[in-house]
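Shown next: work.json, containing JSON, C-alpha atoms.
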[["chain", "number", "residue", "atom", "x", "y", "z"],
["A", 1, "MET", "CA", -69.25, 5.28, -22.44],
["A", 2, "ARG", "CA", -71.14, 3.29, -25.10],
["A", 3, "PRO", "CA", -72.67, 5.36, -27.93],
["A", 4, "ARG", "CA", -76.17, 4.19, -27.05],
["A", 5, "HIS", "CA", -75.73, 5.23, -23.42],
["A", 6, "ALA", "CA", -74.15, 8.51, -24.44],
["A", 7, "LYS", "CA", -77.17, 9.34, -26.59],
["A", 8, "LYS", "CA", -79.53, 8.58, -23.71],
["A", 9, "TYR", "CA", -77.46, 10.73, -21.39],
["A", 10, "LEU", "CA", -77.42, 13.68, -23.79],
["A", 11, "LEU", "CA", -81.16, 13.37, -24.38],
["A", 12, "ALA", "CA", -81.81, 13.39, -20.63],
["A", 13, "LEU", "CA", -79.61, 16.43, -20.23],
["A", 14, "LEU", "CA", -81.43, 18.32, -22.97],
["A", 15, "LEU", "CA", -84.82, 17.41, -21.52],
["A", 16, "PHE", "CA", -84.16, 18.33, -17.92],
["A", 17, "ILE", "CA", -81.89, 21.37, -18.16],
["A", 18, "PRO", "CA", -84.83, 23.68, -19.11],
["A", 19, "ILE", "CA", -86.84, 22.31, -16.16],
["A", 20, "GLY", "CA", -83.90, 22.87, -13.86],
["A", 21, "LEU", "CA", -83.40, 26.42, -15.05],
["A", 22, "LEU", "CA", -87.08, 27.13, -14.43],
["A", 23, "GLN", "CA", -86.71, 25.66, -10.95],
["A", 24, "VAL", "CA", -83.74, 27.91, -10.17],
["A", 25, "GLY", "CA", -85.78, 30.97, -11.17],
["A", 26, "ILE", "CA", -88.81, 29.87, -9.17],
["A", 27, "ASP", "CA", -86.75, 29.07, -6.08],
["A", 28, "TYR", "CA", -85.06, 32.45, -6.23],
["A", 29, "GLN", "CA", -88.33, 34.33, -6.79],
["A", 30, "ARG", "CA", -89.93, 32.47, -3.89],
["A", 31, "LYS", "CA", -87.11, 33.64, -1.64],
["A", 32, "VAL", "CA", -87.31, 37.24, -2.83],
["A", 33, "GLU", "CA", -91.08, 37.38, -2.38],
["A", 34, "ASP", "CA", -91.11, 35.25, 0.81],
["A", 35, "LEU", "CA", -93.24, 32.65, -0.94],
["A", 36, "GLU", "CA", -92.22, 29.46, 0.82],
["A", 37, "SER", "CA", -95.25, 27.31, -0.01],
["A", 38, "ASP", "CA", -94.42, 23.82, -1.24],
["A", 39, "LEU", "CA", -97.17, 24.24, -3.81],
["A", 40, "LEU", "CA", -94.74, 26.23, -5.92],
["A", 41, "LEU", "CA", -92.14, 23.47, -5.98],
["A", 42, "LEU", "CA", -91.61, 21.82, -9.36],
["A", 43, "PRO", "CA", -90.05, 18.37, -9.73],
["A", 44, "GLY", "CA", -87.26, 19.61, -11.97],
["A", 45, "GLN", "CA", -84.37, 19.33, -9.56],
["A", 46, "VAL", "CA", -85.50, 15.98, -8.15],
["A", 47, "ALA", "CA", -85.97, 14.49, -11.60],
["A", 48, "GLY", "CA", -82.74, 16.02, -12.80],
["A", 49, "ASN", "CA", -80.84, 14.50, -9.90],
["A", 50, "LEU", "CA", -82.30, 11.07, -10.63],
["A", 51, "VAL", "CA", -81.59, 11.19, -14.35],
["A", 52, "LEU", "CA", -78.18, 12.84, -14.34],
["A", 53, "GLY", "CA", -76.89, 11.23, -11.16],
["A", 54, "GLY", "CA", -73.11, 11.01, -11.20],
["A", 55, "PHE", "CA", -72.89, 12.70, -14.59],
["A", 56, "LYS", "CA", -73.49, 16.21, -13.23],
["A", 57, "GLY", "CA", -69.80, 17.01, -12.89],
["A", 58, "LEU", "CA", -69.08, 15.85, -16.43],
["A", 59, "ALA", "CA", -72.00, 17.85, -17.81],
["A", 60, "ALA", "CA", -70.84, 20.97, -15.99],
["A", 61, "ASP", "CA", -67.29, 20.53, -17.33],
["A", 62, "LEU", "CA", -68.57, 20.25, -20.89],
["A", 63, "LEU", "CA", -70.72, 23.34, -20.45],
["A", 64, "TRP", "CA", -67.74, 25.30, -19.05],
["A", 65, "LEU", "CA", -65.82, 24.44, -22.20],
["A", 66, "ASN", "CA", -68.70, 25.65, -24.36],
["A", 67, "MET", "CA", -68.90, 28.87, -22.36],
["A", 68, "GLU", "CA", -65.18, 29.53, -22.90],
["A", 69, "GLU", "CA", -65.66, 28.98, -26.63],
["A", 70, "TYR", "CA", -68.59, 31.40, -26.79],
["A", 71, "TRP", "CA", -66.66, 33.97, -24.77],
["A", 72, "HIS", "CA", -63.55, 33.87, -26.95],
["A", 73, "SER", "CA", -65.60, 33.90, -30.16],
["A", 74, "GLY", "CA", -67.54, 36.99, -29.04],
["A", 75, "HIS", "CA", -70.92, 35.25, -28.68],
["A", 76, "HIS", "CA", -71.56, 36.83, -25.30],
["A", 77, "HIS", "CA", -75.33, 36.43, -25.52],
["A", 78, "LYS", "CA", -74.87, 32.66, -25.33],
["A", 79, "VAL", "CA", -72.88, 32.79, -22.08],
["A", 80, "LEU", "CA", -75.71, 33.54, -19.63],
["A", 81, "PRO", "CA", -77.84, 30.46, -20.43],
["A", 82, "LEU", "CA", -74.79, 28.24, -20.02],
["A", 83, "LEU", "CA", -73.88, 29.82, -16.69],
["A", 84, "GLU", "CA", -77.45, 29.35, -15.49],
["A", 85, "THR", "CA", -77.28, 25.69, -16.51],
["A", 86, "ILE", "CA", -73.93, 25.08, -14.81],
["A", 87, "SER", "CA", -75.17, 26.69, -11.61],
["A", 88, "TRP", "CA", -78.26, 24.48, -11.70],
["A", 89, "LEU", "CA", -76.07, 21.40, -12.02],
["A", 90, "GLN", "CA", -73.77, 22.49, -9.18],
["A", 91, "PRO", "CA", -75.66, 25.06, -7.05],
["A", 92, "ASN", "CA", -73.47, 24.57, -3.96],
["A", 93, "TYR", "CA", -70.20, 25.00, -5.83],
["A", 94, "VAL", "CA", -69.47, 28.60, -4.83],
["A", 95, "LEU", "CA", -66.81, 29.10, -7.49],
["A", 96, "VAL", "CA", -69.39, 28.67, -10.25],
["A", 97, "TRP", "CA", -71.37, 31.65, -8.99],
["A", 98, "ALA", "CA", -68.28, 33.74, -8.25],
["A", 99, "ILE", "CA", -66.72, 33.21, -11.68],
["A", 100, "GLY", "CA", -70.07, 33.65, -13.42],
["A", 101, "GLY", "CA", -70.80, 36.95, -11.68],
["A", 102, "TRP", "CA", -67.28, 38.20, -12.38],
["A", 103, "HIS", "CA", -67.44, 37.09, -16.00],
["A", 104, "MET", "CA", -70.62, 39.06, -16.63],
["A", 105, "ALA", "CA", -69.97, 42.19, -14.57],
["A", 106, "TYR", "CA", -66.29, 42.51, -15.51],
["A", 107, "ASN", "CA", -65.14, 40.50, -18.53],
["A", 108, "ILE", "CA", -68.14, 40.89, -20.82],
["A", 109, "TYR", "CA", -68.67, 44.43, -19.52],
["A", 110, "ALA", "CA", -65.12, 45.35, -20.58],
["A", 111, "ALA", "CA", -65.50, 43.66, -23.98],
["A", 112, "ILE", "CA", -68.42, 45.90, -24.98],
["A", 113, "GLU", "CA", -67.06, 49.27, -23.85],
["A", 114, "ASP", "CA", -68.62, 51.00, -26.86],
["A", 115, "ASP", "CA", -72.15, 50.04, -25.77],
["A", 116, "PRO", "CA", -73.11, 51.57, -22.38],
["A", 117, "GLU", "CA", -76.61, 50.09, -22.52],
["A", 118, "GLN", "CA", -75.24, 46.56, -22.92],
["A", 119, "GLN", "CA", -72.67, 47.24, -20.22],
["A", 120, "ALA", "CA", -75.46, 48.17, -17.81],
["A", 121, "TYR", "CA", -77.29, 44.98, -18.78],
["A", 122, "TRP", "CA", -74.32, 42.72, -18.06],
["A", 123, "TYR", "CA", -73.49, 44.49, -14.81],
["A", 124, "ASP", "CA", -77.08, 43.91, -13.71],
["A", 125, "GLN", "CA", -76.94, 40.26, -14.81],
["A", 126, "GLY", "CA", -73.70, 39.77, -12.87],
["A", 127, "THR", "CA", -75.16, 41.11, -9.63],
["A", 128, "ARG", "CA", -78.37, 39.12, -10.10],
["A", 129, "PHE", "CA", -76.38, 35.95, -10.69],
["A", 130, "LEU", "CA", -74.41, 36.48, -7.48],
["A", 131, "LYS", "CA", -77.64, 37.04, -5.55],
["A", 132, "LYS", "CA", -78.96, 33.72, -6.80],
["A", 133, "GLY", "CA", -75.72, 32.13, -5.66],
["A", 134, "ILE", "CA", -76.21, 33.61, -2.19],
["A", 135, "TYR", "CA", -79.67, 32.07, -2.05],
["A", 136, "TYR", "CA", -78.16, 28.61, -2.52],
["A", 137, "ASN", "CA", -75.12, 29.28, -0.34],
["A", 138, "PRO", "CA", -76.32, 31.60, 2.45],
["A", 139, "ASP", "CA", -73.91, 30.48, 5.18],
["A", 140, "LYS", "CA", -70.58, 31.33, 3.54],
["A", 141, "TYR", "CA", -68.89, 34.71, 3.23],
["A", 142, "ASP", "CA", -67.63, 34.23, -0.33],
["A", 143, "LEU", "CA", -70.55, 35.36, -2.46],
["A", 144, "TYR", "CA", -71.57, 38.16, -0.08],
["A", 145, "PHE", "CA", -68.04, 39.47, -0.56],
["A", 146, "GLU", "CA", -68.06, 39.00, -4.34],
["A", 147, "LEU", "CA", -71.33, 40.90, -4.62],
["A", 148, "GLY", "CA", -70.22, 43.60, -2.17],
["A", 149, "TRP", "CA", -66.97, 44.04, -4.07],
["A", 150, "THR", "CA", -68.80, 44.28, -7.40],
["A", 151, "TYR", "CA", -71.04, 47.02, -6.00],
["A", 152, "TYR", "CA", -68.04, 48.78, -4.44],
["A", 153, "HIS", "CA", -65.51, 48.56, -7.24],
["A", 154, "LYS", "CA", -67.50, 48.26, -10.46],
["A", 155, "GLY", "CA", -70.77, 49.96, -9.58],
["A", 156, "LYS", "CA", -69.53, 52.60, -7.11],
["A", 157, "ASP", "CA", -72.75, 51.73, -5.30],
["A", 158, "TYR", "CA", -71.47, 52.11, -1.75],
["A", 159, "PRO", "CA", -74.71, 51.60, 0.23],
["A", 160, "ASN", "CA", -75.28, 48.23, -1.44],
["A", 161, "ALA", "CA", -71.60, 47.41, -1.01],
["A", 162, "VAL", "CA", -71.92, 48.00, 2.72],
["A", 163, "THR", "CA", -75.04, 45.83, 2.90],
["A", 164, "TYR", "CA", -73.38, 42.74, 1.45],
["A", 165, "LEU", "CA", -69.90, 43.22, 2.90],
["A", 166, "ALA", "CA", -71.45, 43.59, 6.36],
["A", 167, "ARG", "CA", -73.16, 40.24, 5.82],
["A", 168, "ALA", "CA", -69.90, 38.69, 4.67],
["A", 169, "VAL", "CA", -68.08, 39.50, 7.91],
["A", 170, "GLN", "CA", -70.79, 37.76, 9.91],
["A", 171, "TYR", "CA", -69.22, 34.50, 8.75],
["A", 172, "SER", "CA", -65.65, 33.26, 9.03],
["A", 173, "SER", "CA", -63.79, 35.36, 6.50],
["A", 174, "PRO", "CA", -60.31, 36.74, 5.70],
["A", 175, "ASP", "CA", -59.34, 40.09, 7.17],
["A", 176, "TYR", "CA", -59.37, 41.75, 3.75],
["A", 177, "VAL", "CA", -63.16, 41.46, 3.78],
["A", 178, "THR", "CA", -63.30, 43.66, 6.88],
["A", 179, "ASP", "CA", -60.77, 46.01, 5.25],
["A", 180, "VAL", "CA", -63.01, 46.52, 2.20],
["A", 181, "LEU", "CA", -66.05, 46.97, 4.46],
["A", 182, "ALA", "CA", -64.29, 49.79, 6.30],
["A", 183, "HIS", "CA", -63.52, 51.52, 3.00],
["A", 184, "ALA", "CA", -67.14, 51.03, 1.88],
["A", 185, "TYR", "CA", -68.48, 52.61, 5.07],
["A", 186, "GLU", "CA", -66.27, 55.65, 4.46],
["A", 187, "LYS", "CA", -67.33, 55.92, 0.80],
["A", 188, "ALA", "CA", -70.96, 55.64, 1.89],
["A", 189, "GLY", "CA", -70.43, 58.59, 4.24],
["A", 190, "ASP", "CA", -70.63, 56.64, 7.53],
["A", 191, "ILE", "CA", -67.35, 57.71, 9.14],
["A", 192, "PRO", "CA", -68.19, 56.42, 12.66],
["A", 193, "MET", "CA", -68.83, 52.91, 11.32],
["A", 194, "ALA", "CA", -65.68, 53.10, 9.19],
["A", 195, "ILE", "CA", -63.64, 53.89, 12.30],
["A", 196, "GLU", "CA", -65.38, 51.14, 14.28],
["A", 197, "THR", "CA", -64.66, 48.61, 11.52],
["A", 198, "TRP", "CA", -60.99, 49.57, 11.29],
["A", 199, "GLN", "CA", -60.77, 49.19, 15.08],
["A", 200, "VAL", "CA", -61.93, 45.58, 14.75],
["A", 201, "LEU", "CA", -58.80, 44.84, 12.73],
["A", 202, "ILE", "CA", -56.61, 46.51, 15.33],
["A", 203, "ASP", "CA", -58.21, 44.65, 18.22],
["A", 204, "LYS", "CA", -57.66, 41.27, 16.58],
["A", 205, "LYS", "CA", -54.03, 42.16, 15.76],
["A", 206, "SER", "CA", -54.63, 41.51, 12.09],
["A", 207, "SER", "CA", -52.05, 42.00, 9.35],
["A", 208, "PHE", "CA", -54.08, 45.10, 8.45],
["A", 209, "SER", "CA", -53.51, 46.69, 11.88],
["A", 210, "ASP", "CA", -50.92, 49.24, 10.73],
["A", 211, "ILE", "CA", -53.16, 50.31, 7.88],
["A", 212, "ALA", "CA", -56.12, 50.53, 10.24],
["A", 213, "VAL", "CA", -54.22, 52.81, 12.64],
["A", 214, "ARG", "CA", -53.34, 55.17, 9.78],
["A", 215, "MET", "CA", -56.87, 55.12, 8.40],
["A", 216, "ILE", "CA", -58.43, 55.93, 11.76],
["A", 217, "HIS", "CA", -55.96, 58.79, 12.25],
["A", 218, "ASP", "CA", -56.80, 60.26, 8.84],
["A", 219, "LEU", "CA", -60.54, 59.86, 9.35],
["A", 220, "LYS", "CA", -60.40, 61.62, 12.71],
["A", 221, "THR", "CA", -58.10, 64.44, 11.60],
["A", 222, "LYS", "CA", -59.00, 64.90, 7.94],
["A", 223, "GLY", "CA", -62.43, 63.32, 7.69],
["A", 224, "LYS", "CA", -61.13, 61.21, 4.82],
["A", 225, "ALA", "CA", -58.74, 58.27, 4.45],
["A", 226, "THR", "CA", -59.51, 56.40, 1.22],
["A", 227, "PRO", "CA", -58.18, 58.11, -1.93]]
Represent the structure from my file as structure tokens, please.
Amino acid sequence: MRPRHAKKYLLALLLFIPIGLLQVGIDYQRKVEDLESDLLLLPGQVAGNLVLGGFKGLAADLLWLNMEEYWHSGHHHKVLPLLETISWLQPNYVLVWAIGGWHMAYNIYAAIEDDPEQQAYWYDQGTRFLKKGIYYNPDKYDLYFELGWTYYHKGKDYPNAVTYLARAVQYSSPDYVTDVLAHAYEKAGDIPMAIETWQVLIDKKSSFSDIAVRMIHDLKTKGKATP
């Protein structure tokens, strides 16, 4: 790439990334508040697509590298803006949202174990980021599962875990998603639905069938199966 063209490209990127980030926030807020009027639509994404064109992948790669540098140098506060930018550049690339949510709710969370307030902040940012990803990718199980797992494993928030894991299994998904949903139902106190969900795995002769048989037996005889 010629230096003159590179400068133009970088200038365009710097100009339109803030617009794109604003658009992501507006789109998400419209969805949350059921505000679907076209009057709220800004030209950020359209203009960004026209200016960046085929350079989006390259821009995202460069931003990923910057994010890794900030992470390893302990500049965690700089990670979120970069993740927001990468997700704007590639909103339908599910892995961006999955890794971003995990990075905030798990990696950064673990790195600041001496600051519970900051841990709560990054856990919240991780779940919010995954919800934005679901908005842009509503017909795939992946991010519903990632968010459900985060609520289940990290947050111990079993009702919310059930909500998103139950959505995940509505789409084509691996059997382990149904397995985690069954555990979440039990942890949330809904034993009948836990049994019903385990039975699904038995009926489809899944690799989890033996586990499901044991879990149903324990739930019926002991009222508890998950440690």
Exercise for the section: Please identify all polymer residues within 10 Å of Ala161 of chain A, counting all atoms listed in the file, omitting same-chain residues fewer than 2 positions from it, and present them as an NGL selection string. Expected result: :A and (144-153 or 155-159 or 163-166 or 180-181 or 183-185 or 187-188)
Could you write out that same residue set with C-alpha atoms as a PDB file, in the frame of the given file?
ATOM      1  CA  TYR A 144     -71.570  38.160  -0.080  1.00  0.00           C
ATOM      2  CA  PHE A 145     -68.040  39.470  -0.560  1.00  0.00           C
ATOM      3  CA  GLU A 146     -68.060  39.000  -4.340  1.00  0.00           C
ATOM      4  CA  LEU A 147     -71.330  40.900  -4.620  1.00  0.00           C
ATOM      5  CA  GLY A 148     -70.220  43.600  -2.170  1.00  0.00           C
ATOM      6  CA  TRP A 149     -66.970  44.040  -4.070  1.00  0.00           C
ATOM      7  CA  THR A 150     -68.800  44.280  -7.400  1.00  0.00           C
ATOM      8  CA  TYR A 151     -71.040  47.020  -6.000  1.00  0.00           C
ATOM      9  CA  TYR A 152     -68.040  48.780  -4.440  1.00  0.00           C
ATOM     10  CA  HIS A 153     -65.510  48.560  -7.240  1.00  0.00           C
ATOM     11  CA  GLY A 155     -70.770  49.960  -9.580  1.00  0.00           C
ATOM     12  CA  LYS A 156     -69.530  52.600  -7.110  1.00  0.00           C
ATOM     13  CA  ASP A 157     -72.750  51.730  -5.300  1.00  0.00           C
ATOM     14  CA  TYR A 158     -71.470  52.110  -1.750  1.00  0.00           C
ATOM     15  CA  PRO A 159     -74.710  51.600   0.230  1.00  0.00           C
ATOM     16  CA  THR A 163     -75.040  45.830   2.900  1.00  0.00           C
ATOM     17  CA  TYR A 164     -73.380  42.740   1.450  1.00  0.00           C
ATOM     18  CA  LEU A 165     -69.900  43.220   2.900  1.00  0.00           C
ATOM     19  CA  ALA A 166     -71.450  43.590   6.360  1.00  0.00           C
ATOM     20  CA  VAL A 180     -63.010  46.520   2.200  1.00  0.00           C
ATOM     21  CA  LEU A 181     -66.050  46.970   4.460  1.00  0.00           C
ATOM     22  CA  HIS A 183     -63.520  51.520   3.000  1.00  0.00           C
ATOM     23  CA  ALA A 184     -67.140  51.030   1.880  1.00  0.00           C
ATOM     24  CA  TYR A 185     -68.480  52.610   5.070  1.00  0.00           C
ATOM     25  CA  LYS A 187     -67.330  55.920   0.800  1.00  0.00           C
ATOM     26  CA  ALA A 188     -70.960  55.640   1.890  1.00  0.00           C
TER      27      ALA A 188
END
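When atom CA of Pro116 of chain A is paired with atom CA of Ala98 of chain A, their separation reads 23.3 Å.
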Problem - Point-to-point distance in Å for atom CA of Ile202 of chain A and atom CA of Lys220 of chain A - result: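 Going from atom CA of Lys220 of chain A over to atom CA of Ile202 of chain A, I get 15.8 Å.
If you look at atom CA of Tyr93 of chain A and atom CA of Leu65 of chain A, they are 17.0 Å away from each other.
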